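Next comes coords.tsv, with TSV, C-alpha atoms.
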```tsv
chain	number	residue	atom	x	y	z
A	83	GLN	CA	-12.18	16.68	-44.78
A	84	LEU	CA	-11.63	13.39	-42.95
A	85	LYS	CA	-11.75	10.19	-44.95
A	86	PHE	CA	-12.21	6.62	-43.82
A	87	VAL	CA	-9.45	4.07	-44.45
A	88	THR	CA	-9.63	0.35	-43.82
A	89	MET	CA	-6.97	-1.04	-41.51
A	90	LYS	CA	-5.48	-4.33	-40.46
A	91	ILE	CA	-6.07	-4.49	-36.71
A	92	GLY	CA	-4.10	-6.93	-34.57
A	93	ILE	CA	-5.06	-8.25	-31.14
A	94	PRO	CA	-2.12	-10.07	-29.49
A	95	LYS	CA	-2.45	-12.30	-26.45
A	96	GLU	CA	-1.45	-10.52	-23.22
A	97	ILE	CA	1.75	-12.03	-21.80
A	98	LYS	CA	2.19	-10.07	-18.59
A	99	ASN	CA	2.05	-12.26	-15.45
A	100	ASN	CA	-1.51	-13.49	-14.81
A	101	GLU	CA	-3.00	-11.04	-17.30
A	102	SER	CA	-6.09	-12.67	-18.79
A	103	ARG	CA	-7.82	-9.65	-20.33
A	104	VAL	CA	-7.97	-9.19	-24.09
A	105	GLY	CA	-7.96	-6.02	-26.18
A	106	MET	CA	-11.27	-6.66	-27.89
A	107	THR	CA	-14.40	-8.75	-27.49
A	108	PRO	CA	-16.13	-10.60	-30.36
A	109	ALA	CA	-18.77	-7.83	-30.30
A	110	GLY	CA	-16.08	-5.25	-30.99
A	111	VAL	CA	-14.56	-7.33	-33.77
A	112	PHE	CA	-18.04	-7.66	-35.34
A	113	GLU	CA	-18.35	-3.86	-35.51
A	114	LEU	CA	-14.88	-3.39	-37.01
A	115	VAL	CA	-15.35	-6.09	-39.65
A	116	LYS	CA	-18.73	-4.61	-40.54
A	117	ARG	CA	-16.95	-1.32	-41.23
A	118	GLY	CA	-14.50	-3.00	-43.62
A	119	HIS	CA	-11.48	-3.53	-41.36
A	120	GLU	CA	-9.49	-6.77	-41.25
A	121	VAL	CA	-9.04	-8.11	-37.71
A	122	TYR	CA	-6.31	-10.58	-36.74
A	123	ILE	CA	-6.25	-12.14	-33.28
A	124	GLN	CA	-3.66	-14.39	-31.70
A	125	ASP	CA	-4.65	-17.96	-30.93
A	126	THR	CA	-6.46	-18.24	-27.52
A	127	ALA	CA	-6.05	-14.50	-26.82
A	128	GLY	CA	-9.64	-14.25	-25.59
A	129	VAL	CA	-9.90	-17.54	-23.69
A	130	GLY	CA	-8.94	-16.05	-20.32
A	131	SER	CA	-11.82	-13.59	-20.60
A	132	GLY	CA	-14.30	-16.29	-21.64
A	133	PHE	CA	-14.12	-15.81	-25.43
A	134	PRO	CA	-12.84	-18.85	-27.40
A	135	ASN	CA	-11.34	-18.62	-30.89
A	136	LYS	CA	-14.57	-19.69	-32.55
A	137	ASP	CA	-16.38	-16.63	-31.20
A	138	TYR	CA	-13.91	-14.38	-33.02
A	139	GLU	CA	-13.85	-16.47	-36.17
A	140	GLY	CA	-17.65	-16.41	-36.18
A	141	VAL	CA	-17.65	-12.63	-36.58
A	142	GLY	CA	-14.96	-12.49	-39.27
A	143	ALA	CA	-11.61	-12.37	-37.45
A	144	THR	CA	-8.60	-14.36	-38.62
A	145	VAL	CA	-6.83	-16.36	-35.90
A	146	LEU	CA	-3.01	-16.37	-36.12
A	147	ASN	CA	-0.80	-18.81	-34.25
A	148	THR	CA	1.89	-16.49	-32.89
A	149	ILE	CA	2.32	-13.02	-31.46
A	150	GLU	CA	5.00	-12.34	-34.09
A	151	GLU	CA	2.47	-12.89	-36.89
A	152	VAL	CA	-0.03	-10.50	-35.29
A	153	TYR	CA	2.49	-7.67	-34.93
A	154	ALA	CA	3.88	-8.27	-38.44
A	155	ILE	CA	0.55	-7.96	-40.25
A	156	ALA	CA	-1.19	-5.21	-38.26
A	157	ASP	CA	-1.41	-1.48	-38.98
A	158	MET	CA	-2.82	-1.03	-35.48
A	159	ILE	CA	-2.25	-3.11	-32.36
A	160	VAL	CA	-5.02	-3.08	-29.75
A	161	LYS	CA	-3.92	-4.38	-26.34
A	162	VAL	CA	-4.65	-4.01	-22.65
A	163	LYS	CA	-1.27	-3.76	-20.87
A	164	GLU	CA	1.95	-2.09	-21.94
A	165	PRO	CA	4.28	-4.12	-24.21
A	166	ILE	CA	6.91	-5.99	-22.23
A	167	GLN	CA	10.51	-6.43	-23.30
A	168	VAL	CA	10.00	-9.43	-25.59
A	169	GLU	CA	7.49	-7.35	-27.59
A	170	TYR	CA	9.66	-4.28	-28.11
A	171	ASP	CA	11.34	-5.52	-31.29
A	172	LEU	CA	8.04	-6.70	-32.77
A	173	ILE	CA	6.64	-3.16	-32.97
A	174	LYS	CA	7.09	-1.53	-36.38
A	175	PRO	CA	7.68	2.13	-37.34
A	176	ASN	CA	4.39	4.03	-37.79
A	177	GLN	CA	2.39	1.15	-36.34
A	178	ILE	CA	-0.35	2.42	-34.04
A	179	VAL	CA	-0.18	0.81	-30.60
A	180	PHE	CA	-3.29	1.46	-28.54
A	181	THR	CA	-3.04	0.26	-24.92
A	182	TYR	CA	-2.28	1.29	-21.33
A	183	PHE	CA	1.36	2.43	-21.27
A	184	HIS	CA	1.94	4.21	-17.93
A	185	PHE	CA	5.15	5.72	-19.32
A	186	ALA	CA	5.77	7.74	-16.15
A	187	SER	CA	6.70	4.61	-14.23
A	188	SER	CA	9.02	2.98	-16.81
A	189	GLU	CA	11.96	4.69	-18.46
A	190	ALA	CA	12.92	1.50	-20.33
A	191	LEU	CA	9.47	1.25	-21.92
A	192	THR	CA	9.47	4.93	-22.85
A	193	LYS	CA	12.86	4.70	-24.55
A	194	ALA	CA	11.90	1.49	-26.36
A	195	MET	CA	8.75	3.05	-27.80
A	196	ILE	CA	10.64	6.18	-28.91
A	197	LYS	CA	13.19	3.93	-30.62
A	198	SER	CA	10.44	1.93	-32.36
A	199	ASN	CA	9.02	5.05	-34.07
A	200	ALA	CA	5.54	3.65	-33.45
A	201	ILE	CA	2.49	5.83	-32.84
A	202	CYS	CA	1.72	5.13	-29.19
A	203	ILE	CA	-1.71	6.10	-27.86
A	204	ALA	CA	-1.97	5.55	-24.11
A	205	TYR	CA	-5.46	4.78	-22.84
A	206	GLU	CA	-4.72	6.50	-19.54
A	207	THR	CA	-3.97	9.90	-21.11
A	208	VAL	CA	-6.84	10.15	-23.62
A	209	GLU	CA	-9.02	13.04	-22.42
A	210	ASP	CA	-12.63	14.00	-23.05
A	211	GLU	CA	-13.53	17.64	-23.65
A	212	ASP	CA	-14.31	18.03	-19.94
A	213	GLY	CA	-10.85	16.81	-18.94
A	214	THR	CA	-11.95	13.38	-17.72
A	215	LEU	CA	-10.12	10.19	-18.71
A	216	PRO	CA	-12.76	7.98	-20.38
A	217	LEU	CA	-10.46	5.02	-21.10
A	218	LEU	CA	-8.96	4.95	-17.62
A	219	THR	CA	-12.28	5.26	-15.81
A	220	PRO	CA	-13.61	1.68	-16.21
A	221	MET	CA	-10.39	0.06	-14.97
A	222	SER	CA	-10.23	2.56	-12.11
A	223	GLU	CA	-13.76	1.52	-11.20
A	224	VAL	CA	-12.76	-2.15	-11.21
A	225	ALA	CA	-9.53	-1.51	-9.28
A	226	GLY	CA	-11.25	0.68	-6.69
A	227	ARG	CA	-13.84	-1.98	-5.94
A	228	MET	CA	-11.24	-4.75	-5.99
A	229	ALA	CA	-9.02	-2.83	-3.55
A	230	ILE	CA	-11.57	-3.36	-0.78
A	231	GLN	CA	-12.20	-6.97	-1.77
A	232	GLN	CA	-8.47	-7.74	-1.64
A	233	GLY	CA	-7.84	-5.58	1.42
A	234	ALA	CA	-10.56	-7.36	3.36
A	235	LYS	CA	-9.01	-10.71	2.49
A	236	TYR	CA	-5.47	-9.71	3.45
A	237	LEU	CA	-6.65	-8.39	6.83
A	238	GLU	CA	-7.20	-12.03	7.77
A	239	LYS	CA	-4.69	-13.37	10.30
A	240	PRO	CA	-3.47	-16.43	8.33
A	241	ILE	CA	-2.10	-14.06	5.69
A	242	LYS	CA	-0.42	-11.72	8.20
A	243	GLY	CA	-3.28	-9.22	8.57
A	244	ARG	CA	-4.62	-7.80	11.83
A	245	GLY	CA	-7.43	-10.33	11.98
A	246	VAL	CA	-10.14	-7.69	11.53
A	247	LEU	CA	-13.52	-8.22	9.86
A	248	LEU	CA	-14.20	-4.97	8.02
A	249	GLY	CA	-17.92	-4.97	8.73
A	250	GLY	CA	-17.58	-5.95	12.39
A	251	VAL	CA	-20.42	-7.80	14.13
A	252	PRO	CA	-22.91	-6.79	16.83
A	253	GLY	CA	-20.88	-5.78	19.87
A	254	VAL	CA	-17.62	-5.36	17.90
A	255	SER	CA	-16.63	-2.16	16.09
A	256	PRO	CA	-16.18	-2.36	12.31
A	257	GLY	CA	-12.80	-2.04	10.67
A	258	LYS	CA	-11.45	1.39	9.74
A	259	VAL	CA	-10.62	2.15	6.10
A	260	LEU	CA	-8.56	5.18	5.02
A	261	ILE	CA	-8.76	6.12	1.34
A	262	LEU	CA	-6.24	8.56	-0.14
A	263	GLY	CA	-7.78	10.28	-3.14
A	264	ALA	CA	-11.43	11.01	-3.94
A	265	GLY	CA	-11.22	10.28	-7.66
A	266	VAL	CA	-12.79	7.32	-9.42
A	267	VAL	CA	-10.72	4.74	-7.51
A	268	GLY	CA	-11.39	6.38	-4.15
A	269	VAL	CA	-15.14	6.77	-4.63
A	270	GLN	CA	-15.57	3.19	-5.82
A	271	ALA	CA	-13.46	1.90	-2.92
A	272	ALA	CA	-15.49	3.96	-0.46
A	273	LYS	CA	-18.72	2.62	-1.91
A	274	MET	CA	-17.58	-1.00	-1.46
A	275	ALA	CA	-16.16	-0.43	2.03
A	276	ALA	CA	-19.33	1.36	3.13
A	277	GLY	CA	-21.39	-1.50	1.75
A	278	LEU	CA	-19.47	-3.92	3.95
A	279	GLY	CA	-20.23	-1.75	6.96
A	280	ALA	CA	-16.71	-0.45	7.56
A	281	HIS	CA	-15.93	2.98	8.99
A	282	VAL	CA	-14.55	4.91	6.00
A	283	THR	CA	-12.48	8.10	5.79
A	284	ILE	CA	-11.69	9.50	2.35
A	285	MET	CA	-9.08	12.25	1.94
A	286	ASP	CA	-8.33	14.68	-0.88
A	287	ILE	CA	-7.11	18.23	-1.45
A	288	ASN	CA	-9.95	18.94	-3.89
A	289	MET	CA	-12.92	20.30	-1.96
A	290	LYS	CA	-15.25	19.83	-4.94
A	291	ARG	CA	-14.54	16.10	-4.86
A	292	LEU	CA	-15.01	15.93	-1.09
A	293	ARG	CA	-18.35	17.74	-1.39
A	294	TYR	CA	-19.38	15.27	-4.10
A	295	VAL	CA	-18.46	12.30	-1.87
A	296	ASN	CA	-20.33	13.88	1.03
A	297	ASP	CA	-23.44	14.24	-1.16
A	298	VAL	CA	-23.55	10.78	-2.74
A	299	LEU	CA	-22.15	8.35	-0.16
A	300	PRO	CA	-23.61	7.22	3.17
A	301	SER	CA	-23.06	9.18	6.36
A	302	HIS	CA	-20.51	6.68	7.72
A	303	VAL	CA	-18.17	7.72	4.87
A	304	VAL	CA	-16.35	10.70	6.38
A	305	THR	CA	-14.47	13.24	4.27
A	306	ASP	CA	-11.28	14.93	5.42
A	307	PHE	CA	-9.04	17.52	3.77
A	308	SER	CA	-5.70	15.85	3.07
A	309	SER	CA	-2.48	17.05	4.69
A	310	GLU	CA	0.68	15.28	5.79
A	311	TYR	CA	-0.17	15.95	9.43
A	312	SER	CA	-3.63	14.44	9.07
A	313	ILE	CA	-2.36	11.38	7.19
A	314	ARG	CA	0.30	10.80	9.85
A	315	GLN	CA	-2.37	10.77	12.56
A	316	LYS	CA	-4.84	8.54	10.75
A	317	ILE	CA	-2.52	5.77	9.58
A	318	LYS	CA	-1.78	4.93	13.21
A	319	ASP	CA	-5.25	3.50	13.90
A	320	HIS	CA	-6.71	2.49	10.51
A	321	ASP	CA	-6.80	-1.15	9.46
A	322	LEU	CA	-6.87	-0.81	5.66
A	323	ILE	CA	-5.29	2.01	3.65
A	324	ILE	CA	-6.09	2.48	-0.04
A	325	GLY	CA	-3.79	4.56	-2.26
A	326	GLY	CA	-5.87	5.99	-5.09
A	327	VAL	CA	-4.07	9.16	-6.17
A	328	LEU	CA	-3.60	10.05	-9.84
A	329	ILE	CA	-1.82	12.94	-11.56
A	330	LYS	CA	-2.43	12.73	-15.30
A	331	GLY	CA	0.61	11.40	-17.12
A	332	ALA	CA	2.92	11.80	-14.12
A	333	LYS	CA	4.22	9.79	-11.21
A	334	ALA	CA	1.96	9.66	-8.17
A	335	PRO	CA	3.08	11.76	-5.17
A	336	LYS	CA	4.45	9.87	-2.16
A	337	LEU	CA	1.87	10.55	0.54
A	338	ILE	CA	3.13	7.90	2.97
A	339	THR	CA	6.89	7.71	3.55
A	340	ARG	CA	9.04	4.79	4.66
A	341	GLU	CA	9.35	6.33	8.11
A	342	MET	CA	5.55	6.63	8.43
A	343	ILE	CA	5.12	2.89	7.80
A	344	SER	CA	6.81	2.16	11.14
A	345	THR	CA	4.06	4.06	12.98
A	346	MET	CA	1.31	1.71	11.74
A	347	ARG	CA	0.04	-1.21	13.73
A	348	PRO	CA	1.33	-4.69	12.76
A	349	GLY	CA	-1.07	-6.33	10.33
A	350	THR	CA	-2.29	-3.07	8.79
A	351	VAL	CA	-2.93	-3.60	5.07
A	352	ILE	CA	-1.97	-1.17	2.29
A	353	VAL	CA	-3.45	-1.54	-1.20
A	354	ASP	CA	-1.67	0.89	-3.52
A	355	VAL	CA	-3.83	1.17	-6.64
A	356	ALA	CA	-1.49	3.92	-7.90
A	357	VAL	CA	1.31	1.37	-8.39
A	358	ASP	CA	1.01	1.68	-12.20
A	359	GLN	CA	2.11	5.31	-11.88
A	360	GLY	CA	4.87	4.58	-9.37
A	361	GLY	CA	2.66	4.32	-6.29
A	362	CYS	CA	1.66	6.91	-3.67
A	363	ILE	CA	3.39	5.03	-0.84
A	364	GLU	CA	7.19	5.21	-0.72
A	365	THR	CA	7.54	1.49	0.04
A	366	THR	CA	5.44	0.42	-2.96
A	367	LYS	CA	7.01	-1.93	-5.48
A	368	PRO	CA	5.01	-3.71	-8.22
A	369	THR	CA	3.85	-7.24	-7.42
A	370	THR	CA	1.93	-9.88	-9.38
A	371	HIS	CA	-1.23	-11.92	-8.84
A	372	GLU	CA	1.07	-14.91	-8.38
A	373	ASP	CA	2.93	-13.26	-5.50
A	374	PRO	CA	0.79	-10.25	-4.56
A	375	THR	CA	2.01	-9.15	-1.12
A	376	TYR	CA	5.09	-8.44	0.94
A	377	LEU	CA	5.73	-7.21	4.49
A	378	ILE	CA	7.60	-4.11	5.66
A	379	ASP	CA	7.59	-3.48	9.42
A	380	ASP	CA	4.80	-6.12	9.62
A	381	VAL	CA	2.60	-3.96	7.37
A	382	VAL	CA	1.07	-5.96	4.50
A	383	HIS	CA	1.60	-4.33	1.09
A	384	TYR	CA	-0.64	-5.39	-1.82
A	385	CYS	CA	0.72	-3.66	-4.94
A	386	VAL	CA	-0.41	-5.70	-7.95
A	387	ALA	CA	0.16	-3.62	-11.08
A	388	ASN	CA	-2.69	-5.15	-13.07
A	389	MET	CA	-5.39	-5.66	-10.46
A	390	PRO	CA	-8.32	-5.82	-12.94
A	391	GLY	CA	-6.56	-8.72	-14.69
A	392	ALA	CA	-7.83	-10.96	-11.90
A	393	VAL	CA	-11.42	-10.42	-13.06
A	394	PRO	CA	-10.86	-10.52	-16.83
A	395	TYR	CA	-14.44	-11.13	-17.93
A	396	THR	CA	-15.75	-8.03	-16.18
A	397	SER	CA	-12.67	-5.96	-16.99
A	398	THR	CA	-12.48	-6.82	-20.68
A	399	ILE	CA	-16.10	-5.92	-21.32
A	400	ALA	CA	-15.87	-2.73	-19.24
A	401	LEU	CA	-12.72	-1.64	-21.10
A	402	THR	CA	-13.83	-2.48	-24.63
A	403	ASN	CA	-17.16	-0.73	-24.05
A	404	VAL	CA	-15.19	2.52	-24.13
A	405	THR	CA	-12.19	1.76	-26.38
A	406	LEU	CA	-14.09	0.59	-29.48
A	407	SER	CA	-15.20	4.05	-30.56
A	408	TYR	CA	-11.61	5.31	-30.33
A	409	VAL	CA	-10.30	2.40	-32.39
A	410	SER	CA	-12.86	3.37	-35.04
A	411	LYS	CA	-11.80	7.03	-34.91
A	412	ALA	CA	-8.19	6.03	-35.55
A	413	SER	CA	-9.22	4.87	-39.04
A	414	LEU	CA	-10.12	8.44	-40.02
A	415	ILE	CA	-7.34	10.48	-41.66
```
Rewrite the structure from the file as structure tokens, please.
Amino acid sequence: QLKFVTMKIGIPKEIKNNESRVGMTPAGVFELVKRGHEVYIQDTAGVGSGFPNKDYEGVGATVLNTIEEVYAIADMIVKVKEPIQVEYDLIKPNQIVFTYFHFASSEALTKAMIKSNAICIAYETVEDEDGTLPLLTPMSEVAGRMAIQQGAKYLEKPIKGRGVLLGGVPGVSPGKVLILGAGVVGVQAAKMAAGLGAHVTIMDINMKRLRYVNDVLPSHVVTDFSSEYSIRQKIKDHDLIIGGVLIKGAKAPKLITREMISTMRPGTVIVDVAVDQGGCIETTKPTTHEDPTYLIDDVVHYCVANMPGAVPYTSTIALTNVTLSYVSKASLI
């Protein structure tokens, strides 16, 4: 027989570079307070997402001045991104930490959380009964759509791209987009690229996913069974390449090697959405919104590890729409 317990829930301010999302909206706090929980939020934690302190105070939250105070008082911490090094020693034994962790890409983080003896619940590994990842899906949707938005921008010549307009114009062929992976990221990226009028190829090894894409997306989105040979051929003449491959709880496979980069045309743009899980391109290394790109063999790499952080209003609401029910379930013992 499960019983309900009231908890002290802490919402710290995100301190990762250019991360403006927040772990909970005032609407979520309202629901938790109504159910008897105490909610503590760090000063200005919600401002980047458009929620000032007064919005939280108005629904019963207590605003604390420092991140140390939030961690010290809370039974459960609700965040967006993984704790960074300055937070490691703030986490208490048996404290529930509910956030994106992406342990597969960080040994230091994994060891620090084991040492803390905290109860770590990673958004990206929570599964529904059908095997889907309900807490990863909304951010994958945001990142997939953003991948095209950012890729289109970085194809511009002043920022070292090929100088290609993805949608083309009358008399000029549209840009060519190659999407690796037909999961949530890939489908959302294909939808955006198709909407711009680009020529889109989406690759996967899962025929069910390719059939789904073929059924729901426009005819200028072409599906192709993924193989190393096929990828090697296609990267030579595509303008924008999106890496959207996910293996639950594990590092992403390297589908494009360092040697393959040299076969691409100068100014080709890579957006590796899988960077949080180590990336599916061998030359991927995490970047920030402050310094988002780098060049290898004149190929532009955009590998920002918290892409949805650039659109915090949309991302925060999309994320907390799905996390709130799980926060509530954690109060049942």
- Query: Closest to A:Val295 among A:Ala387, A:Val282, A:Ile363, A:Ile149, using all atoms listed in the file?
  - Reply: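 Under the stated criterion, the closest residue is A:Val282.
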- Query: In Å, with one decimal, what is the gap from atom CA of A:Asp358 to atom CA of A:His184?
  - Reply: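 Interatomic distance here is 6.3 Å.
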So for stretch 323-333 of chain A, what box centre and size do we get, axis-aligned, 8 Å extra on each of the six sides, every listed atom, Å to one decimal, as AutoDock Vina command-line options?
```
--center_x -0.9 --center_y 7.5 --center_z -6.7 --size_x 26.3 --size_y 26.9 --size_z 36.8
```
- So how many Å separate atom CA of A:Asp321 and atom CA of A:Lys273, to one decimal?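 So the two atoms, atom CA of A:Asp321 and atom CA of A:Lys273, lie 16.9 Å apart.
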- Task: Show which residues sit within 6 Å of stretch 337-339 of chain A, as a ChimeraX atom specification. Count all atoms listed in the file, and ignore same-chain residues fewer than 2 positions away.
- Result: /A:335,341-342,362-364
Just the selected residues (C-alpha atoms), exported as a CSV table (one decimal), in the coordinates of the input, please.
```
chain,number,residue,atom,x,y,z
A,335,PRO,CA,3.1,11.8,-5.2
A,341,GLU,CA,9.4,6.3,8.1
A,342,MET,CA,5.6,6.6,8.4
A,362,CYS,CA,1.7,6.9,-3.7
A,363,ILE,CA,3.4,5.0,-0.8
A,364,GLU,CA,7.2,5.2,-0.7
```
- Task: Write out as a PyMOL selection string which residues come within 10 Å of A:Ile317 when counting all atoms listed in the file, dropping same-chain ones fewer than 4 positions away.
- Result: chain A and resi 258-260+312-313+321-323+338+342-343+345-347+350
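One finds atom CA of A:Asn99 at 14.7 Å from atom CA of A:Thr375.
Among A:Met89, A:Ile203, A:Val267, A:Ala275, the residue with the shortest atom-to-atom distance to A:Pro220, counting only C-alpha atoms, is A:Val267.
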- Message: With distances taken over all atoms listed in the file, which residue among A:Val129, A:Val141, A:Leu278, A:Ala271 lies nearest A:Glu113?
- Response: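 Comparing A:Val129, A:Val141, A:Leu278, A:Ala271 against A:Glu113, the winner is A:Val141.
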- Given the choices A:Ala356, A:Leu247, A:Ile93, A:Ile287, which gets closest to A:Ala225 if the distance is worked out from all atoms listed in the file?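 Using all atoms listed in the file, A:Ala225 sits closest to A:Ala356.
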